[in-house]
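Engineer: Quick one: the structure is below, and I'll ask about it shortly.
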Amino acid sequence: MRTVMIIPARYHSSRLPGKPLADIEGKPMVWWVYQEMKKSDRIDEIYVAADHEEVQRVCRENEMNCIMTSPEHKTSTERVYEAAQQTPADIYVCVNADEPLLEAGVMEQVLPEHMAGFFAANLMTRIRHPVEVVDESNIKVVTDHQGNALFMSRSPLPHPKTSVLFDYYKHLGVLAYSLQALRFFAETPRGKNEAVEDINELRFIENGRRLKMIPVQADTLSVDTARDLEYVRLVMRERRGRL
């Protein structure tokens with residue numbers, strides 16, 4: 001089974017402009033993601049899906065494969081689909097360029113052993129700190145008994161009306177798709193819930209498609225703000241100090 005990783009790198013982030021190229025210990029953030037994912041022997045090829053010439057230039061300078069995609073895409077999934085059409089594979093793994101703390105071994109848990117037809121899966125991890133539950137940048141998720149997503153929200157989900165004895169889970173920026181699933185996403189209009197919550201994966205849920213949620217133990221952080229970036233810089237500095 002041929003597996004290709006696509007790292008969508010949108011240059012014009014509203015909260016952190018130029019985010020994929022943000023400096024972390026002398027290297028751009030997307031470089032850290034790329035180098036970590038190269039450690040996996042289950043990935044055949046890795047590409048950065050860029051939407052800006054500056055990202056393409058940095059990729060070239062750092063010997064990272066890069067595919068230019070349209071700057072008009074509204075979602076990272078659409079960007080992955082465009083890139084996927086340029087490189088054949090059985091499964092496409094999406095790891096966002098703002099996940100520099102993600103480890104390759106964690107990413108691999110989203111990969112299926114066997115696959116046929118429509119397939120979409122997403123990693124999730126238990127929230128450890130209460131403040132993350134009310135942080136709208138953390139997308140909370142609930143699943144059915146088979147581990148398929150029932151709903152995702154930026155609000156606390158589920159609501160603790162009768163008990164607080166449960167775990168909240170948040171999704172990670174790690175997804176796996178068949179080309180059929182990517183095509184479905186690209187050709188299906190955005191639904192009401194997706195538009196209100198601004199969560200790409202709701203497109204599958206709103207249309208009755210299965211989105212497999214896989215629980216993992218992960219100490220990672222999606223970089224969305226300058227505060228997040230400073231935290232990641234501190235972690236990377238400490239990691240390098242231990243080497």
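Each chain of the structure tokens is named A, B, ... in the order shown, its residues numbered from 1; ligands are numbered from 1 in display order.
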Excluding range 228-241 of chain A and any residue of its chain fewer than 3 positions from it, enumerate the residues within 7 Å of it, using only C-alpha atoms, and give them as a list of chain:residue names.
Structural biologist: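 Close residues of range 228-241 of chain A: A:Ile24, A:Glu25, A:Val223, A:Asp224, A:Thr225.
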Engineer: Kindly save the residues from that selection, with all heavy atoms included, as a PDB file, in the first residue's frame.
Structural biologist:
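Below you can see out_19.pdb, which holds the result:
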ATOM      1  N   ILE A  24      12.019  28.545  14.486  1.00  0.00           N
ATOM      2  CA  ILE A  24      12.145  27.746  15.703  1.00  0.00           C
ATOM      3  C   ILE A  24      13.562  27.204  15.738  1.00  0.00           C
ATOM      4  O   ILE A  24      13.935  26.353  14.923  1.00  0.00           O
ATOM      5  CB  ILE A  24      11.131  26.587  15.752  1.00  0.00           C
ATOM      6  CG1 ILE A  24       9.699  27.109  15.680  1.00  0.00           C
ATOM      7  CG2 ILE A  24      11.323  25.744  17.010  1.00  0.00           C
ATOM      8  CD1 ILE A  24       8.650  26.011  15.601  1.00  0.00           C
ATOM      9  N   GLU A  25      14.351  27.740  16.625  1.00  0.00           N
ATOM     10  CA  GLU A  25      15.744  27.300  16.764  1.00  0.00           C
ATOM     11  C   GLU A  25      16.509  27.338  15.438  1.00  0.00           C
ATOM     12  O   GLU A  25      17.269  26.419  15.103  1.00  0.00           O
ATOM     13  CB  GLU A  25      15.798  25.896  17.365  1.00  0.00           C
ATOM     14  CG  GLU A  25      15.359  25.812  18.818  1.00  0.00           C
ATOM     15  CD  GLU A  25      16.324  26.545  19.750  1.00  0.00           C
ATOM     16  OE1 GLU A  25      17.427  26.038  19.995  1.00  0.00           O
ATOM     17  OE2 GLU A  25      15.963  27.637  20.238  1.00  0.00           O
ATOM     18  N   VAL A 223       0.149  25.102  16.622  1.00  0.00           N
ATOM     19  CA  VAL A 223       0.546  26.498  16.788  1.00  0.00           C
ATOM     20  C   VAL A 223      -0.456  27.398  16.077  1.00  0.00           C
ATOM     21  O   VAL A 223      -0.519  27.431  14.845  1.00  0.00           O
ATOM     22  CB  VAL A 223       1.967  26.741  16.244  1.00  0.00           C
ATOM     23  CG1 VAL A 223       2.332  28.218  16.355  1.00  0.00           C
ATOM     24  CG2 VAL A 223       2.975  25.882  16.988  1.00  0.00           C
ATOM     25  N   ASP A 224      -1.256  28.117  16.853  1.00  0.00           N
ATOM     26  CA  ASP A 224      -2.263  29.017  16.296  1.00  0.00           C
ATOM     27  C   ASP A 224      -2.006  30.473  16.645  1.00  0.00           C
ATOM     28  O   ASP A 224      -2.516  31.373  15.982  1.00  0.00           O
ATOM     29  CB  ASP A 224      -3.667  28.620  16.787  1.00  0.00           C
ATOM     30  CG  ASP A 224      -4.130  27.301  16.208  1.00  0.00           C
ATOM     31  OD1 ASP A 224      -4.043  27.136  14.983  1.00  0.00           O
ATOM     32  OD2 ASP A 224      -4.578  26.440  16.979  1.00  0.00           O
ATOM     33  N   THR A 225      -1.260  30.708  17.712  1.00  0.00           N
ATOM     34  CA  THR A 225      -1.043  32.077  18.191  1.00  0.00           C
ATOM     35  C   THR A 225       0.435  32.303  18.493  1.00  0.00           C
ATOM     36  O   THR A 225       1.229  31.354  18.563  1.00  0.00           O
ATOM     37  CB  THR A 225      -1.851  32.337  19.472  1.00  0.00           C
ATOM     38  OG1 THR A 225      -1.344  31.500  20.528  1.00  0.00           O
ATOM     39  CG2 THR A 225      -3.333  32.042  19.264  1.00  0.00           C
TER      40      THR A 225
END
Engineer: DSSP on the backbone, alpha helix (DSSP H) only: what residues of range 20-197 of chain A does that give? Format it as a count of residues only.
Structural biologist: 51
Engineer: Counting only C-alpha atoms, what is within 8 Å of range 155-157 of chain A, bar same-chain residues fewer than 4 positions away, as a list in words?
Structural biologist: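 Residues meeting the cut-off are Val133, Val134, Asp135, Glu136, Ile139, Lys140, Val141, Val142 and Tyr168 of chain A.
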Engineer: Mind writing the picked residues with N, CA and C atoms as a PDB file, in the first residue's frame?
Structural biologist:
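What follows is the written file again.pdb:
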ATOM      1  N   VAL A 133     -10.132  22.821  27.545  1.00  0.00           N
ATOM      2  CA  VAL A 133     -11.531  22.502  27.247  1.00  0.00           C
ATOM      3  C   VAL A 133     -12.277  23.736  26.758  1.00  0.00           C
ATOM      4  N   VAL A 134     -11.953  24.898  27.300  1.00  0.00           N
ATOM      5  CA  VAL A 134     -12.669  26.126  26.929  1.00  0.00           C
ATOM      6  C   VAL A 134     -11.918  26.932  25.869  1.00  0.00           C
ATOM      7  N   ASP A 135     -10.768  26.456  25.445  1.00  0.00           N
ATOM      8  CA  ASP A 135     -10.006  27.127  24.396  1.00  0.00           C
ATOM      9  C   ASP A 135     -10.595  26.738  23.052  1.00  0.00           C
ATOM     10  N   GLU A 136     -11.115  27.721  22.319  1.00  0.00           N
ATOM     11  CA  GLU A 136     -11.803  27.409  21.058  1.00  0.00           C
ATOM     12  C   GLU A 136     -10.865  26.908  19.964  1.00  0.00           C
ATOM     13  N   ILE A 139     -10.311  21.609  19.188  1.00  0.00           N
ATOM     14  CA  ILE A 139     -11.568  21.056  18.682  1.00  0.00           C
ATOM     15  C   ILE A 139     -11.898  19.789  19.454  1.00  0.00           C
ATOM     16  N   LYS A 140     -12.989  19.857  20.213  1.00  0.00           N
ATOM     17  CA  LYS A 140     -13.413  18.718  21.011  1.00  0.00           C
ATOM     18  C   LYS A 140     -14.247  17.744  20.176  1.00  0.00           C
ATOM     19  N   VAL A 141     -14.183  16.466  20.520  1.00  0.00           N
ATOM     20  CA  VAL A 141     -14.861  15.449  19.715  1.00  0.00           C
ATOM     21  C   VAL A 141     -15.500  14.392  20.609  1.00  0.00           C
ATOM     22  N   VAL A 142     -16.669  13.913  20.191  1.00  0.00           N
ATOM     23  CA  VAL A 142     -17.321  12.766  20.835  1.00  0.00           C
ATOM     24  C   VAL A 142     -17.533  11.691  19.774  1.00  0.00           C
ATOM     25  N   TYR A 168     -12.513  14.603  28.304  1.00  0.00           N
ATOM     26  CA  TYR A 168     -12.658  15.344  27.058  1.00  0.00           C
ATOM     27  C   TYR A 168     -11.540  14.925  26.106  1.00  0.00           C
TER      28      TYR A 168
END
Engineer: What does the structure give for the distance between CA of Ser137 in chain A and CA of Gln217 in chain A, in Å to one decimal?
Structural biologist: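 Interatomic distance, CA of Ser137 in chain A to CA of Gln217 in chain A: 19.1 Å.
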Engineer: Each residue of range 152-235 of chain A with at least one atom at most 9 Å from range 68-80 of chain A should appear once, together with its nearest atom pair and the corresponding distance in Å (one decimal); atoms considered: only C-alpha atoms; ordering: chain, then increasing residue number; output as CSV.
Structural biologist:
residue,atom,partner,partner_atom,distance
A:Leu182,CA,A:Thr77,CA,7.1
A:Arg183,CA,A:Glu78,CA,8.7
A:Phe185,CA,A:Glu78,CA,7.4
A:Ala186,CA,A:Glu78,CA,5.7
A:Asn200,CA,A:Thr75,CA,6.8
A:Glu201,CA,A:Thr77,CA,8.8
Engineer: The selected residues should be written to file as a PDB file, in the first residue's frame (atoms: C-alpha atoms).
Structural biologist:
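Final output, saved to again.pdb:
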ATOM      1  CA  LEU A 182     -10.708  13.578  -0.553  1.00  0.00           C
ATOM      2  CA  ARG A 183     -12.773  13.822  -3.731  1.00  0.00           C
ATOM      3  CA  PHE A 185     -14.851  16.449   0.493  1.00  0.00           C
ATOM      4  CA  ALA A 186     -13.828  18.657  -2.415  1.00  0.00           C
ATOM      5  CA  ASN A 200     -13.447  20.881   8.142  1.00  0.00           C
ATOM      6  CA  GLU A 201     -14.135  17.370   9.390  1.00  0.00           C
TER       7      GLU A 201
END
Engineer: Give me the residues near range 117-129 of chain A as a list in words, where near means some atom within 6 Å (using only C-alpha atoms) and where sequence neighbours in that chain fewer than 3 positions away do not count.
Structural biologist: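 What passes the distance filter is Glu132, Tyr168, Tyr169, Lys170, His171, Leu172, Val174, Leu175, Ala176, Tyr177, Ser178, Gln180, Ala181, Leu211, Lys212, Met213, Ile214, Pro215, Val216 and Gln217 of chain A.
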Engineer: With C-alpha atoms retained, write the just-selected residues as a PDB file, in the first residue's frame.
Structural biologist:
ATOM      1  CA  GLU A 132      -7.866  23.454  26.967  1.00  0.00           C
ATOM      2  CA  TYR A 168     -12.658  15.344  27.058  1.00  0.00           C
ATOM      3  CA  TYR A 169     -10.878  14.584  23.794  1.00  0.00           C
ATOM      4  CA  LYS A 170      -9.482  16.951  21.208  1.00  0.00           C
ATOM      5  CA  HIS A 171      -8.624  16.173  17.616  1.00  0.00           C
ATOM      6  CA  LEU A 172      -5.042  16.405  16.361  1.00  0.00           C
ATOM      7  CA  VAL A 174      -3.290  14.288  11.702  1.00  0.00           C
ATOM      8  CA  LEU A 175      -5.666  12.698   9.214  1.00  0.00           C
ATOM      9  CA  ALA A 176      -5.620   9.877   6.669  1.00  0.00           C
ATOM     10  CA  TYR A 177      -7.766   9.720   3.544  1.00  0.00           C
ATOM     11  CA  SER A 178      -8.369   7.613   0.504  1.00  0.00           C
ATOM     12  CA  GLN A 180     -12.241   8.818  -2.804  1.00  0.00           C
ATOM     13  CA  ALA A 181     -12.711  10.535   0.567  1.00  0.00           C
ATOM     14  CA  LEU A 211     -14.784   9.481  10.216  1.00  0.00           C
ATOM     15  CA  LYS A 212     -12.776   7.062  12.331  1.00  0.00           C
ATOM     16  CA  MET A 213     -11.349   8.646  15.483  1.00  0.00           C
ATOM     17  CA  ILE A 214      -8.247   6.957  16.856  1.00  0.00           C
ATOM     18  CA  PRO A 215      -7.222   7.764  20.456  1.00  0.00           C
ATOM     19  CA  VAL A 216      -3.507   8.244  21.065  1.00  0.00           C
ATOM     20  CA  GLN A 217      -1.295   9.525  23.846  1.00  0.00           C
TER      21      GLN A 217
END
Engineer: Rounded to one decimal in Å, what is the spacing between CA of Thr188 in chain A and CA of Met152 in chain A?
Structural biologist: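 These two atoms are separated by 18.4 Å.
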Engineer: Here is a test: counting only C-alpha atoms, which residue of A:Ala226, A:Leu21, A:Ala83, A:Arg154 is nearest to Glu197 in chain A?
Structural biologist: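 Of A:Ala226, A:Leu21, A:Ala83, A:Arg154, the one nearest Glu197 in chain A is A:Arg154, counting only C-alpha atoms.
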Engineer: Measuring between only C-alpha atoms, which one of A:Thr143, A:Gln85, A:Asn62, A:Asn138 shows the shortest distance to Gly173 in chain A?
Structural biologist: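 Closest to Gly173 in chain A, using only C-alpha atoms: A:Asn138.
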Engineer: Between A:Gly208, A:Pro158, A:Pro17, A:Pro28, single out the one closest to Gly191 in chain A, counting only C-alpha atoms.
Structural biologist: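 For Gly191 in chain A, the nearest of the candidates is A:Gly208.
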Engineer: Kindly provide the residues of range 90-134 of chain A that approach range 41-56 of chain A to within 9 Å, each paired with its closest atom pair and their distance in Å to one decimal, based on only C-alpha atoms, listed by chain and increasing number, as a tab-separated table.
Structural biologist:
residue	atom	partner	partner_atom	distance
A:Val93	CA	A:Ile43	CA	8.7
A:Ala97	CA	A:Val48	CA	8.3
A:Glu108	CA	A:Arg42	CA	7.4
A:Leu111	CA	A:Arg42	CA	8.6
Engineer: Would you save the residues of that selection, restricted to all heavy atoms, as a CSV table (one decimal), in the first residue's frame?
Structural biologist:
chain,number,residue,atom,x,y,z
A,93,VAL,N,-1.8,10.9,3.9
A,93,VAL,CA,-1.8,11.4,5.3
A,93,VAL,C,-1.6,12.9,5.3
A,93,VAL,O,-0.7,13.4,4.6
A,93,VAL,CB,-0.7,10.7,6.1
A,93,VAL,CG1,-0.7,11.1,7.6
A,93,VAL,CG2,-0.8,9.2,5.9
A,97,ALA,N,1.2,21.8,9.0
A,97,ALA,CA,2.6,22.4,9.2
A,97,ALA,C,2.7,23.1,10.5
A,97,ALA,O,3.8,23.6,10.8
A,97,ALA,CB,2.8,23.4,8.0
A,108,GLU,N,1.8,7.6,12.9
A,108,GLU,CA,1.7,6.3,12.3
A,108,GLU,C,0.4,5.6,12.7
A,108,GLU,O,-0.1,4.7,12.0
A,108,GLU,CB,2.9,5.4,12.5
A,108,GLU,CG,4.1,5.8,11.8
A,108,GLU,CD,5.3,5.0,12.1
A,108,GLU,OE1,5.3,4.3,13.1
A,108,GLU,OE2,6.3,4.9,11.3
A,111,LEU,N,-2.6,5.3,10.3
A,111,LEU,CA,-2.5,4.6,9.1
A,111,LEU,C,-3.3,3.2,9.2
A,111,LEU,O,-3.0,2.5,10.2
A,111,LEU,CB,-1.1,4.3,8.8
A,111,LEU,CG,-0.2,5.6,8.5
A,111,LEU,CD1,1.3,5.2,8.3
A,111,LEU,CD2,-0.7,6.4,7.4
Engineer: As an exercise, work out the distance from CA of Ala218 in chain A to CA of Gly18 in chain A in Å and give it to one decimal place.
Structural biologist: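 These two atoms are separated by 25.8 Å.
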Engineer: So which one's closest to Pro100 in chain A, A:Glu63, A:Glu113, A:Asp219, A:Glu194? Using only C-alpha atoms, please.
Structural biologist: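 Smallest separation from Pro100 in chain A among the options: A:Asp219.
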Engineer: Could you pull out the strand (DSSP E or B) residues of range 162-216 of chain A from DSSP and send them as a list of chain:residue names?
Structural biologist: A:Tyr169, A:Lys170, A:His171, A:Leu172, A:Gly173, A:Val174, A:Leu175, A:Ala176, A:Tyr177, A:Lys212, A:Met213, A:Ile214, A:Pro215, A:Val216
Engineer: Please, could you write that set of residues out with N, CA and C atoms as an mmCIF file, in the first residue's frame?
Structural biologist:
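Final output, saved to again.cif:
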data_model
loop_
_atom_site.group_PDB
_atom_site.id
_atom_site.type_symbol
_atom_site.label_atom_id
_atom_site.label_comp_id
_atom_site.auth_asym_id
_atom_site.auth_seq_id
_atom_site.Cartn_x
_atom_site.Cartn_y
_atom_site.Cartn_z
ATOM 1 N N TYR A 169 -11.873 14.886 24.826
ATOM 2 C CA TYR A 169 -10.878 14.584 23.794
ATOM 3 C C TYR A 169 -10.838 15.706 22.775
ATOM 4 N N LYS A 170 -9.649 15.975 22.274
ATOM 5 C CA LYS A 170 -9.482 16.951 21.208
ATOM 6 C C LYS A 170 -8.860 16.268 19.992
ATOM 7 N N HIS A 171 -9.201 16.758 18.818
ATOM 8 C CA HIS A 171 -8.624 16.173 17.616
ATOM 9 C C HIS A 171 -7.240 16.754 17.375
ATOM 10 N N LEU A 172 -6.373 15.960 16.743
ATOM 11 C CA LEU A 172 -5.042 16.405 16.361
ATOM 12 C C LEU A 172 -5.027 16.678 14.864
ATOM 13 N N GLY A 173 -4.071 17.490 14.432
ATOM 14 C CA GLY A 173 -3.990 17.798 13.003
ATOM 15 C C GLY A 173 -3.326 16.697 12.219
ATOM 16 N N VAL A 174 -3.835 15.466 12.380
ATOM 17 C CA VAL A 174 -3.290 14.288 11.702
ATOM 18 C C VAL A 174 -4.461 13.481 11.155
ATOM 19 N N LEU A 175 -4.549 13.400 9.836
ATOM 20 C CA LEU A 175 -5.666 12.698 9.214
ATOM 21 C C LEU A 175 -5.172 11.814 8.085
ATOM 22 N N ALA A 176 -5.940 10.765 7.783
ATOM 23 C CA ALA A 176 -5.620 9.877 6.669
ATOM 24 C C ALA A 176 -6.854 9.733 5.797
ATOM 25 N N TYR A 177 -6.656 9.772 4.487
ATOM 26 C CA TYR A 177 -7.766 9.720 3.544
ATOM 27 C C TYR A 177 -7.442 8.802 2.370
ATOM 28 N N LYS A 212 -13.316 7.871 11.242
ATOM 29 C CA LYS A 212 -12.776 7.062 12.331
ATOM 30 C C LYS A 212 -11.882 7.914 13.218
ATOM 31 N N MET A 213 -12.160 7.900 14.518
ATOM 32 C CA MET A 213 -11.349 8.646 15.483
ATOM 33 C C MET A 213 -10.484 7.652 16.262
ATOM 34 N N ILE A 214 -9.190 7.887 16.247
ATOM 35 C CA ILE A 214 -8.247 6.957 16.856
ATOM 36 C C ILE A 214 -7.582 7.630 18.053
ATOM 37 N N PRO A 215 -7.827 7.135 19.265
ATOM 38 C CA PRO A 215 -7.222 7.764 20.456
ATOM 39 C C PRO A 215 -5.745 7.424 20.575
ATOM 40 N N VAL A 216 -4.943 8.434 20.876
ATOM 41 C CA VAL A 216 -3.507 8.244 21.065
ATOM 42 C C VAL A 216 -3.068 9.067 22.277
#
